[in-house]
Amino acid sequence: MTQAGTLVELLEANRQADRQIRYIEGQDQERSVSYPALRERALGILFHLQRMKAAPGDHMIIFLNNNEAFVDGFLAALTGGIVPVPLAVGISDEHRWKLLRIARRLGSPYLYTDSRTLARLEAFAAEAGESELFQSLRGRSFLVDELEDIGRAGRPADVRPGQTAFIQFSSGSTSDPKGVVLTHANVLANVRGVTEAVSLNEDDVGLSWMPLTHDMGLIGMFIMLFANRCQINLMPTDLFIRRPLLWPELAARERATILASPNFGFRHYLKVLGDRPAPGLDLSAVRLIFNGAEPINVALCDEFLERMAPTGLRRSAMFPVYGLAEASLAVSFPEPGSEYRSVVLDRNSLSIGAQARTVARGTPDAVEFISEGRAIPYSGLRIADEDDASLPEGRVGHIHIRGDNVTAGYFEAPEINAAAFTADGWLRTGDVGLIDAGELVVTGRAKEIIFVNGQNYYPQDIENIAAAASGLELGKVAAAGCRPAGAETDELTLFVLHRGPLEDFVSVANDVIRLVNEHAGLEVTHVVPVRRIPKTTSGKLQRVALEQAFVAGEFAAEMAELDGLREAAHVHTHDPTGRVERRIKEIVDDALPGKRVEVDDNLFEIGASSLTLIQIHERIDEEFPGLVDLTELFDYPTVAELARHLEQKLATDKGSPAAG
């Protein structure tokens, strides 16, 4: 690894490296930028930022989807001592709300984006009553698509290791943004720890579809690899969503040795692969697939590796890891080259301080967890009881971390920081686990966070959205991530207070599903009617109690009756008419297998998540190129409405045949 005290020194040192970043946009669409050129581009963009009066210590929100523009802007900000704040653009309202809340929190940030994204943000801000805040942002917006000349170099700042490198606002923290402040020293300590733990070197080749707004994408698959002068290949996340089968194809073509994916990625790939055999590829070069960012499902790991065995992908390549943004990413790794192992425990023995009981797989109340290894160099972890005292091996407790890689705290949040650290300086992660055979096993979480597709969401944020449904209000709905026996991941479940006939609940449930889907882009798996929502004496929702009751099957009868009512209420309207409506109906049916979709059904009410919408849009764009924007699926959420909208565009497009 290149020795450097800051990320700016690292960028300077790598001017001599004969390596590239390859930005892959499709099967045969890519651009390469050499390591030496990265610094020149950063300085060229910094010149324009400094002309806008951006100075060391200022904040710059990076809000765009283009990987190449992101990397250039990120490095430019670092070089000038400006603090980047990466935020995901997304396709839902919550991503735009999050940006506005964080912009207000930061005070007077700069905004690094493009014209199209800025226009959408302006329209949203006007509708949300936040035009004044938007106008203040507009005046400090840097539009990458209007940049023509980067021939003049800006002035690099004198950046020190202890200065803030960037701030990561955790995904899902929309109602109360919480920013993890990471210094150059934090990040580079983690880089050194990971490098030593898995022997990263210049011969490694990385391929990533993880978003650069996520710590696994930004730190794990860009900064880590860049620091070790590896060949880097980056593909957009939405390209993976649309064409997941391209991921291993590119890995084989590039002879990639390092990949990364949470549970979601493996599940999405296998879903699209379907019953087809694994492609005839050679993945024998892959030595590590970093698997983290959400609870790891052992059965899914097994299935993925079994399906991919004909490609030469070794079982030892699956590398389950534990980490979090507060640790600059990585905390614990297993031994490289070893096959992952799991433990099967009695779920009734997993309370804080209890001795975890090992049981046979398949016995009642058995739950399987994967081992995530030992603390990497420069990082430490312990298991502690409610009084922050260390617990011996085998006892379940809170996971605490400390080390050179661990943040000193959250952005301008003294009360949160006071609660986050123990008296002896350990950071409370909010996760729960134990040490088994010297290795960390994560069994759950003490803080109420829901994992969906590799992202974490606070239940309060989802409840705020759902409470807007007719007849609901805060306190009458509780959100939880439930994982019934056999499920591969958390299932977003909403518990709604309802004391009337179940027949009246169907419309309420549909409204809740639509709202959460439209505003957060999340697929709600279950909406459960409950006669009471348990609360503590202080009025706090007891979400865990509801989750446990659901997993135990206490609401099974109500859910079965609801399924019957939905089926009875599902009225066939009419068969699709016209070429356009028929084709859109076929595309929607393919994207939502197992769901009966009528042409007048609202896609958000039947659970079309943001990932599904991306796939639907991709197929429509293949059939009718450039005529439908992804955001228009929100404006025309039924097959019939979208078809009429598209037919109007076709009719006015002189170069296209008339719809019929």
# chains A, B, ... in the order shown; residues from 1 in each chain; ligands from 1
$ closest_atom_pairs --of "segment 62-117 of chain A" --to "segment 624-635 of chain A" --cutoff "12 Å" --atoms "only C-alpha atoms" --output "JSON lines"
{"residue": "A:Gly90", "atom": "CA", "partner": "A:Thr631", "partner_atom": "CA", "distance": 10.4}
{"residue": "A:Ile91", "atom": "CA", "partner": "A:Thr631", "partner_atom": "CA", "distance": 6.9}
{"residue": "A:Ser92", "atom": "CA", "partner": "A:Thr631", "partner_atom": "CA", "distance": 8.7}
{"residue": "A:Asp93", "atom": "CA", "partner": "A:Phe634", "partner_atom": "CA", "distance": 10.4}
{"residue": "A:Arg116", "atom": "CA", "partner": "A:Asp629", "partner_atom": "CA", "distance": 11.6}
{"residue": "A:Thr117", "atom": "CA", "partner": "A:Thr631", "partner_atom": "CA", "distance": 11.4}
$ closest_residue --among "A:Thr577, A:Ile370, A:Asn14, A:Arg140" --to "Leu225 of chain A" --atoms "only C-alpha atoms"
A:Asn14
$ residues_around --residues "Ala325 of chain A" --least-positions-apart "2" --cutoff "9 Å" --atoms "only C-alpha atoms" --output "list in words"
Gln168, Phe169, Ser170, Val180, Leu182, His214, Asp215, Met216, Gly323, Ala327, Ser328, Leu329, Ala330, Val406 and Thr407 of chain A
$ write_last_selection --atoms "C-alpha atoms" --output "mmCIF file, in the first residue's frame"
data_model
loop_
_atom_site.group_PDB
_atom_site.id
_atom_site.type_symbol
_atom_site.label_atom_id
_atom_site.label_comp_id
_atom_site.auth_asym_id
_atom_site.auth_seq_id
_atom_site.Cartn_x
_atom_site.Cartn_y
_atom_site.Cartn_z
ATOM 1 C CA GLN A 168 -21.447 10.043 5.528
ATOM 2 C CA PHE A 169 -25.090 10.542 6.410
ATOM 3 C CA SER A 170 -26.515 7.113 7.096
ATOM 4 C CA VAL A 180 -20.679 10.188 10.503
ATOM 5 C CA LEU A 182 -14.496 10.604 9.158
ATOM 6 C CA HIS A 214 -22.462 3.846 0.270
ATOM 7 C CA ASP A 215 -19.413 3.163 2.447
ATOM 8 C CA MET A 216 -18.866 -0.267 0.879
ATOM 9 C CA GLY A 323 -18.510 -3.195 9.416
ATOM 10 C CA ALA A 327 -15.616 2.391 11.624
ATOM 11 C CA SER A 328 -14.669 3.922 8.257
ATOM 12 C CA LEU A 329 -16.171 0.643 7.009
ATOM 13 C CA ALA A 330 -14.483 -2.578 8.182
ATOM 14 C CA VAL A 406 -13.417 4.747 14.421
ATOM 15 C CA THR A 407 -15.103 8.140 14.127
#
$ residues_around --residues "Gln163 of chain A" --least-positions-apart "3" --cutoff "7 Å" --atoms "only C-alpha atoms" --output "list of chain:residue names"
A:Val159, A:Arg160, A:Thr183, A:His184
$ residues_around --residues "segment 67-76 of chain A" --least-positions-apart "6" --cutoff "10 Å" --atoms "only C-alpha atoms" --output "MDAnalysis selection string"
chainID A and resid 7:8 11 21:25 31:33 38:49 60:61 82:86 112:114 142 144:145 154 156 166 211:213 218 222 234:237
$ write_last_selection --atoms "C-alpha atoms" --output "compact mmCIF listing (two decimals), in the first residue's frame"
# COMPACT_ATOMS: atom_id res chain seq x y z
CA LEU A 7 -6.15 11.09 0.96
CA VAL A 8 -4.68 14.14 -0.78
CA LEU A 11 -3.75 11.09 -4.80
CA ILE A 21 -10.29 3.33 -13.35
CA ARG A 22 -12.62 1.91 -15.96
CA TYR A 23 -16.15 3.33 -15.92
CA ILE A 24 -18.44 0.71 -17.42
CA GLU A 25 -21.81 1.87 -18.74
CA ARG A 31 -14.29 4.99 -20.46
CA SER A 32 -10.90 4.70 -18.82
CA VAL A 33 -9.11 7.33 -16.74
CA LEU A 38 -7.21 11.71 -11.74
CA ARG A 39 -5.19 14.37 -9.94
CA GLU A 40 -5.09 16.67 -12.96
CA ARG A 41 -8.85 16.42 -13.35
CA ALA A 42 -9.36 17.04 -9.63
CA LEU A 43 -7.23 20.18 -9.77
CA GLY A 44 -9.07 21.39 -12.88
CA ILE A 45 -12.45 21.09 -11.15
CA LEU A 46 -11.03 22.58 -7.94
CA PHE A 47 -10.14 25.73 -9.90
CA HIS A 48 -13.82 26.28 -10.69
CA LEU A 49 -14.91 25.45 -7.13
CA MET A 60 -20.11 20.14 -0.68
CA ILE A 61 -23.05 17.80 -1.22
CA ILE A 82 -13.55 21.01 1.02
CA VAL A 83 -15.61 18.35 2.83
CA PRO A 84 -17.62 16.11 0.46
CA VAL A 85 -21.03 14.91 1.63
CA PRO A 86 -22.17 12.11 -0.73
CA TYR A 112 -22.24 19.32 -6.93
CA THR A 113 -24.84 17.97 -9.36
CA ASP A 114 -26.10 18.19 -12.95
CA PHE A 142 -21.79 23.38 -9.48
CA VAL A 144 -20.98 19.12 -14.04
CA ASP A 145 -22.68 19.02 -17.43
CA GLY A 154 -6.79 25.04 -8.52
CA PRO A 156 -4.34 22.35 -3.25
CA PHE A 166 -15.87 13.53 4.36
CA PRO A 211 -23.09 2.95 -5.11
CA LEU A 212 -20.33 5.44 -4.32
CA THR A 213 -22.71 7.04 -1.83
CA LEU A 218 -16.88 4.48 -1.76
CA PHE A 222 -12.80 2.69 -4.53
CA LEU A 234 -16.97 0.63 -11.66
CA MET A 235 -20.43 -0.04 -13.07
CA PRO A 236 -23.51 2.02 -12.16
CA THR A 237 -25.81 0.50 -9.58
$ residues_around --residues "Asp203 of chain A" --least-positions-apart "3" --cutoff "9 Å" --atoms "only C-alpha atoms" --output "ChimeraX atom specification"
/A:200,229-231,257
$ write_last_selection --atoms "C-alpha atoms" --output "short mmCIF file (atom, residue, chain, number, x, y, z; two decimals), in the first residue's frame"
data_model
loop_
_atom_site.label_atom_id
_atom_site.label_comp_id
_atom_site.auth_asym_id
_atom_site.auth_seq_id
_atom_site.Cartn_x
_atom_site.Cartn_y
_atom_site.Cartn_z
CA LEU A 200 -4.58 -6.36 -1.06
CA ARG A 229 -2.91 0.74 -6.89
CA CYS A 230 -5.33 -1.90 -8.08
CA GLN A 231 -7.13 -1.88 -11.40
CA THR A 257 -10.18 -10.77 -8.06
#
$ select_by_dssp --residues "segment 450-639 of chain A" --states "strand (DSSP E)" --output "PDB file with N, CA and C atoms, in the first residue's frame"
ATOM      1  N   ILE A 450     -34.154  -1.185  10.082  1.00  0.00           N
ATOM      2  CA  ILE A 450     -34.677  -2.154   9.124  1.00  0.00           C
ATOM      3  C   ILE A 450     -33.740  -2.185   7.929  1.00  0.00           C
ATOM      4  N   PHE A 451     -33.283  -3.371   7.547  1.00  0.00           N
ATOM      5  CA  PHE A 451     -32.398  -3.521   6.399  1.00  0.00           C
ATOM      6  C   PHE A 451     -33.211  -3.909   5.170  1.00  0.00           C
ATOM      7  N   VAL A 452     -33.068  -3.126   4.103  1.00  0.00           N
ATOM      8  CA  VAL A 452     -33.753  -3.413   2.843  1.00  0.00           C
ATOM      9  C   VAL A 452     -32.762  -3.185   1.711  1.00  0.00           C
ATOM     10  N   GLN A 455     -29.504  -1.372   2.338  1.00  0.00           N
ATOM     11  CA  GLN A 455     -29.602  -0.052   2.955  1.00  0.00           C
ATOM     12  C   GLN A 455     -30.320  -0.193   4.300  1.00  0.00           C
ATOM     13  N   ASN A 456     -30.027   0.731   5.204  1.00  0.00           N
ATOM     14  CA  ASN A 456     -30.718   0.678   6.489  1.00  0.00           C
ATOM     15  C   ASN A 456     -31.649   1.875   6.651  1.00  0.00           C
ATOM     16  N   TYR A 457     -32.817   1.606   7.214  1.00  0.00           N
ATOM     17  CA  TYR A 457     -33.865   2.613   7.365  1.00  0.00           C
ATOM     18  C   TYR A 457     -34.344   2.632   8.812  1.00  0.00           C
ATOM     19  N   VAL A 477     -49.315   3.207  13.818  1.00  0.00           N
ATOM     20  CA  VAL A 477     -48.622   2.331  12.873  1.00  0.00           C
ATOM     21  C   VAL A 477     -47.197   2.117  13.366  1.00  0.00           C
ATOM     22  N   ALA A 478     -46.719   0.892  13.251  1.00  0.00           N
ATOM     23  CA  ALA A 478     -45.360   0.541  13.665  1.00  0.00           C
ATOM     24  C   ALA A 478     -44.698  -0.245  12.542  1.00  0.00           C
ATOM     25  N   ALA A 479     -43.463   0.105  12.223  1.00  0.00           N
ATOM     26  CA  ALA A 479     -42.716  -0.567  11.156  1.00  0.00           C
ATOM     27  C   ALA A 479     -41.627  -1.440  11.762  1.00  0.00           C
ATOM     28  N   ALA A 480     -41.419  -2.598  11.161  1.00  0.00           N
ATOM     29  CA  ALA A 480     -40.384  -3.512  11.652  1.00  0.00           C
ATOM     30  C   ALA A 480     -39.876  -4.362  10.496  1.00  0.00           C
ATOM     31  N   GLY A 481     -38.673  -4.879  10.659  1.00  0.00           N
ATOM     32  CA  GLY A 481     -38.131  -5.832   9.701  1.00  0.00           C
ATOM     33  C   GLY A 481     -38.288  -7.228  10.266  1.00  0.00           C
ATOM     34  N   CYS A 482     -39.242  -7.967   9.741  1.00  0.00           N
ATOM     35  CA  CYS A 482     -39.518  -9.312  10.254  1.00  0.00           C
ATOM     36  C   CYS A 482     -38.883 -10.353   9.339  1.00  0.00           C
ATOM     37  N   GLU A 491     -38.225  -8.717   5.999  1.00  0.00           N
ATOM     38  CA  GLU A 491     -39.404  -8.346   5.215  1.00  0.00           C
ATOM     39  C   GLU A 491     -40.046  -7.134   5.875  1.00  0.00           C
ATOM     40  N   LEU A 492     -40.152  -6.048   5.125  1.00  0.00           N
ATOM     41  CA  LEU A 492     -40.722  -4.825   5.679  1.00  0.00           C
ATOM     42  C   LEU A 492     -42.184  -5.073   6.038  1.00  0.00           C
ATOM     43  N   THR A 493     -42.482  -4.957   7.324  1.00  0.00           N
ATOM     44  CA  THR A 493     -43.805  -5.268   7.851  1.00  0.00           C
ATOM     45  C   THR A 493     -44.334  -4.068   8.621  1.00  0.00           C
ATOM     46  N   LEU A 494     -45.562  -3.667   8.304  1.00  0.00           N
ATOM     47  CA  LEU A 494     -46.192  -2.545   8.990  1.00  0.00           C
ATOM     48  C   LEU A 494     -47.372  -3.057   9.807  1.00  0.00           C
ATOM     49  N   PHE A 495     -47.381  -2.739  11.083  1.00  0.00           N
ATOM     50  CA  PHE A 495     -48.468  -3.107  11.983  1.00  0.00           C
ATOM     51  C   PHE A 495     -49.359  -1.882  12.155  1.00  0.00           C
ATOM     52  N   VAL A 496     -50.639  -2.035  11.825  1.00  0.00           N
ATOM     53  CA  VAL A 496     -51.567  -0.902  11.811  1.00  0.00           C
ATOM     54  C   VAL A 496     -52.706  -1.156  12.790  1.00  0.00           C
ATOM     55  N   LEU A 497     -52.954  -0.187  13.655  1.00  0.00           N
ATOM     56  CA  LEU A 497     -54.048  -0.308  14.616  1.00  0.00           C
ATOM     57  C   LEU A 497     -55.384  -0.335  13.879  1.00  0.00           C
ATOM     58  N   HIS A 526     -45.727  -7.015   4.185  1.00  0.00           N
ATOM     59  CA  HIS A 526     -46.928  -7.318   4.963  1.00  0.00           C
ATOM     60  C   HIS A 526     -47.477  -6.048   5.604  1.00  0.00           C
ATOM     61  N   VAL A 527     -48.804  -5.925   5.610  1.00  0.00           N
ATOM     62  CA  VAL A 527     -49.483  -4.919   6.426  1.00  0.00           C
ATOM     63  C   VAL A 527     -50.410  -5.691   7.348  1.00  0.00           C
ATOM     64  N   VAL A 528     -50.151  -5.600   8.657  1.00  0.00           N
ATOM     65  CA  VAL A 528     -50.814  -6.463   9.629  1.00  0.00           C
ATOM     66  C   VAL A 528     -51.772  -5.647  10.498  1.00  0.00           C
ATOM     67  N   PRO A 529     -53.058  -6.020  10.551  1.00  0.00           N
ATOM     68  CA  PRO A 529     -53.985  -5.330  11.461  1.00  0.00           C
ATOM     69  C   PRO A 529     -53.793  -5.828  12.889  1.00  0.00           C
ATOM     70  N   VAL A 530     -53.659  -4.903  13.823  1.00  0.00           N
ATOM     71  CA  VAL A 530     -53.505  -5.278  15.232  1.00  0.00           C
ATOM     72  C   VAL A 530     -54.493  -4.484  16.074  1.00  0.00           C
TER      73      VAL A 530
END
$ select_by_dssp --residues "segment 375-523 of chain A" --states "helix (DSSP H, G or I)" --output "PyMOL selection string"
chain A and resi 414-420+459-466+502-520
$ atom_distance --atom1 "atom CA of Val516 of chain A" --atom2 "atom CA of Leu270 of chain A"
26.0 Å
$ closest_residue --among "A:Ile167, A:Val331, A:Val298, A:Leu313" --to "Ala197 of chain A" --atoms "only C-alpha atoms"
A:Val331
$ residues_around --residues "Gly206 of chain A" --least-positions-apart "2" --cutoff "7 Å" --atoms "only C-alpha atoms" --output "list in words"
Asp204, Ser208, Met221, Gln231, Ile232, Asn233, Ala256, Thr257, Ile258 and Leu259 of chain A
$ write_last_selection --atoms "N, CA and C atoms" --output "PDB file, in the first residue's frame"
ATOM      1  N   ASP A 204      -4.324  -7.053  -7.688  1.00  0.00           N
ATOM      2  CA  ASP A 204      -5.774  -7.222  -7.555  1.00  0.00           C
ATOM      3  C   ASP A 204      -6.522  -6.355  -8.562  1.00  0.00           C
ATOM      4  N   SER A 208     -17.013  -3.322  -9.142  1.00  0.00           N
ATOM      5  CA  SER A 208     -18.054  -2.965  -8.177  1.00  0.00           C
ATOM      6  C   SER A 208     -19.253  -2.329  -8.854  1.00  0.00           C
ATOM      7  N   MET A 221     -14.633  -0.279  -2.215  1.00  0.00           N
ATOM      8  CA  MET A 221     -14.363  -0.655  -3.605  1.00  0.00           C
ATOM      9  C   MET A 221     -13.767   0.476  -4.441  1.00  0.00           C
ATOM     10  N   GLN A 231      -6.271  -2.241 -10.275  1.00  0.00           N
ATOM     11  CA  GLN A 231      -7.127  -1.880 -11.403  1.00  0.00           C
ATOM     12  C   GLN A 231      -8.562  -1.836 -10.886  1.00  0.00           C
ATOM     13  N   ILE A 232      -9.292  -0.740 -11.170  1.00  0.00           N
ATOM     14  CA  ILE A 232     -10.648  -0.566 -10.651  1.00  0.00           C
ATOM     15  C   ILE A 232     -11.635  -0.513 -11.806  1.00  0.00           C
ATOM     16  N   ASN A 233     -12.707  -1.273 -11.690  1.00  0.00           N
ATOM     17  CA  ASN A 233     -13.806  -1.244 -12.657  1.00  0.00           C
ATOM     18  C   ASN A 233     -15.088  -0.900 -11.910  1.00  0.00           C
ATOM     19  N   ALA A 256     -11.459 -10.228 -12.658  1.00  0.00           N
ATOM     20  CA  ALA A 256     -11.594  -9.560 -11.361  1.00  0.00           C
ATOM     21  C   ALA A 256     -11.228 -10.516 -10.235  1.00  0.00           C
ATOM     22  N   THR A 257     -10.522  -9.981  -9.250  1.00  0.00           N
ATOM     23  CA  THR A 257     -10.179 -10.767  -8.058  1.00  0.00           C
ATOM     24  C   THR A 257     -10.984 -10.337  -6.844  1.00  0.00           C
ATOM     25  N   ILE A 258     -11.511  -9.093  -6.859  1.00  0.00           N
ATOM     26  CA  ILE A 258     -12.241  -8.547  -5.717  1.00  0.00           C
ATOM     27  C   ILE A 258     -13.618  -8.072  -6.163  1.00  0.00           C
ATOM     28  N   LEU A 259     -14.668  -8.625  -5.557  1.00  0.00           N
ATOM     29  CA  LEU A 259     -16.050  -8.210  -5.802  1.00  0.00           C
ATOM     30  C   LEU A 259     -16.682  -7.855  -4.462  1.00  0.00           C
TER      31      LEU A 259
END
$ atom_distance --atom1 "atom CA of Gln615 of chain A" --atom2 "atom CA of Arg242 of chain A"
5.2 Å
$ closest_residue --among "A:Pro295, A:Gly81, A:Gly403, A:Gly521" --to "Arg445 of chain A" --atoms "only C-alpha atoms"
A:Pro295
$ closest_residue --among "A:Pro56, A:Pro364, A:Pro320, A:Pro177" --to "Asn263 of chain A" --atoms "only C-alpha atoms"
A:Pro320
$ closest_residue --among "A:Arg96, A:Leu515, A:Pro534, A:Leu562" --to "Asn602 of chain A" --atoms "only C-alpha atoms"
A:Leu515
$ atom_distance --atom1 "atom CA of Thr429 of chain A" --atom2 "atom CA of Phe411 of chain A"
16.6 Å
